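Undergrad: Pasting in a structure now, in structure tokens, and then I'll have a few things to ask.
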Amino acid sequence: MLVSDITTMVLSNEGTFDPHLVAVGRGALSLADPDGGGRSMAARLGLGGGRQQAFDLSLLEGAFRGQQIMCSPAVPVLPAFATRSPGSLERMLVLTFDAEGESELLCLWFRTAEDSALVAQAVHEEAMRCLGQ
């Protein structure tokens, strides 16, 4: 694993940020419920059950951090409080994926800008590895 068990808040379809553990490796970004119980992020996103959800990084279309987020497809779905300050945006990572011809959006909000940068770098490295570059 390039990154393992970093706590993040994930934007759900209900417009709330829910806690998860993020890991990057083996060609995927994985989200797991930090408590090990309850509905997984996959269930909250309407993708089925299970306690862990993996996003195939070979399908990654884009990654946005900081002020870039304000030009990303995430802007219409982000709560206003999440974009008020540059510090908030620096702690956020927005990923877009091509899933069967449709664009999927994943918004992660970290405790620190350093965690956001670390995961963004790991996602980039793993996606490049998946593409053989």
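By order of appearance in the structure tokens: chains A, B, ..., then residues from 1 within every chain, and ligands from 1 in the order shown.
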Using only C-alpha atoms, determine which residues lie at most 6 Å from region 61-66 of chain A, disregarding the query and same-chain residues fewer than 3 positions distant; provide the list as a ChimeraX atom specification.
TA: /A:69,89-90,92-97
Undergrad: Pick from A:Gly101, A:Pro79, A:Gly87, A:Pro73: nearest to Ser12 (chain A), with only C-alpha atoms counted?
TA: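 Closest residue, counting only C-alpha atoms: A:Pro79.
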Undergrad: Rank A:Ser4, A:Arg91, A:Asp98, A:Phe81 by their smallest atom-to-atom distance to Thr112 (chain A), using only C-alpha atoms, and report the top residue only.
TA: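 Closest to Thr112 (chain A) of all the choices is A:Arg91.
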Undergrad: Considering only C-alpha atoms, can you say which of A:Asn13, A:Ser58, A:Thr7, A:Ser116 comes closest to Asp33 (chain A)?
TA: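 Once distances to Asp33 (chain A) are computed over only C-alpha atoms, the minimum belongs to A:Thr7.
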Undergrad: DSSP on the backbone: what in region 11-105 of chain A comes out strand (DSSP E), as a ChimeraX atom specification?
TA: /A:11,17-25,28-32,52-56,60-65,92-99,102-105
Undergrad: What's the 9 Å shell around Leu78 (chain A), counting only C-alpha atoms, without same-chain residues fewer than 6 positions away, as a list in words?
TA: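 The residues that qualify are Leu11, Gly15 and Cys107 of chain A.
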Undergrad: CA of Met9 (chain A) and CA of Leu108 (chain A), how far apart in Å?
TA: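 Atom-to-atom, CA of Leu108 (chain A) to CA of Met9 (chain A), that is 5.7 Å.
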Undergrad: Within 8 Å of Gly27 (chain A), counting only C-alpha atoms, which residues qualify if same-chain residues fewer than 5 places away don't, as a list in words?
TA: Asp56, Leu57, Ser58, Glu126, Ala127, Arg129 and Cys130 of chain A
Undergrad: Just asking: which residues within chain A are helix (DSSP H, G or I) according to DSSP, as an MDAnalysis selection string?
TA: chainID A and resid 41:44 57:59 66:71 75:77 80:83 86:90 113:130
Undergrad: What does the distance between CA of Gly36 (chain A) and CA of Gln52 (chain A) come to in Å, to one decimal place?
TA: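 CA of Gln52 (chain A) lies 9.1 Å from CA of Gly36 (chain A).
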Undergrad: Rounded to one decimal, what separation in Å do you get between CA of Gln67 (chain A) and CA of Leu106 (chain A)?
TA: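 Atom-to-atom, CA of Gln67 (chain A) to CA of Leu106 (chain A), that is 16.6 Å.
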Undergrad: Counting only C-alpha atoms, figure out which residue out of A:Ser72, A:Gln133, A:Ser85, A:Ser30 gets nearest to Met1 (chain A).
TA: A:Ser30
Undergrad: When you count only C-alpha atoms, which of these residues is closest to Val119 (chain A): A:Gln68, A:Thr8, A:Thr83, A:Ser103?
TA: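 Result for the nearest residue to Val119 (chain A): A:Thr8.
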Undergrad: Considering only C-alpha atoms, state which residue in the set A:Leu131, A:Leu59, A:Ala120, A:Val75 is at the smallest distance from Glu100 (chain A).
TA: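 Of all the options, A:Leu59 lies closest to Glu100 (chain A).
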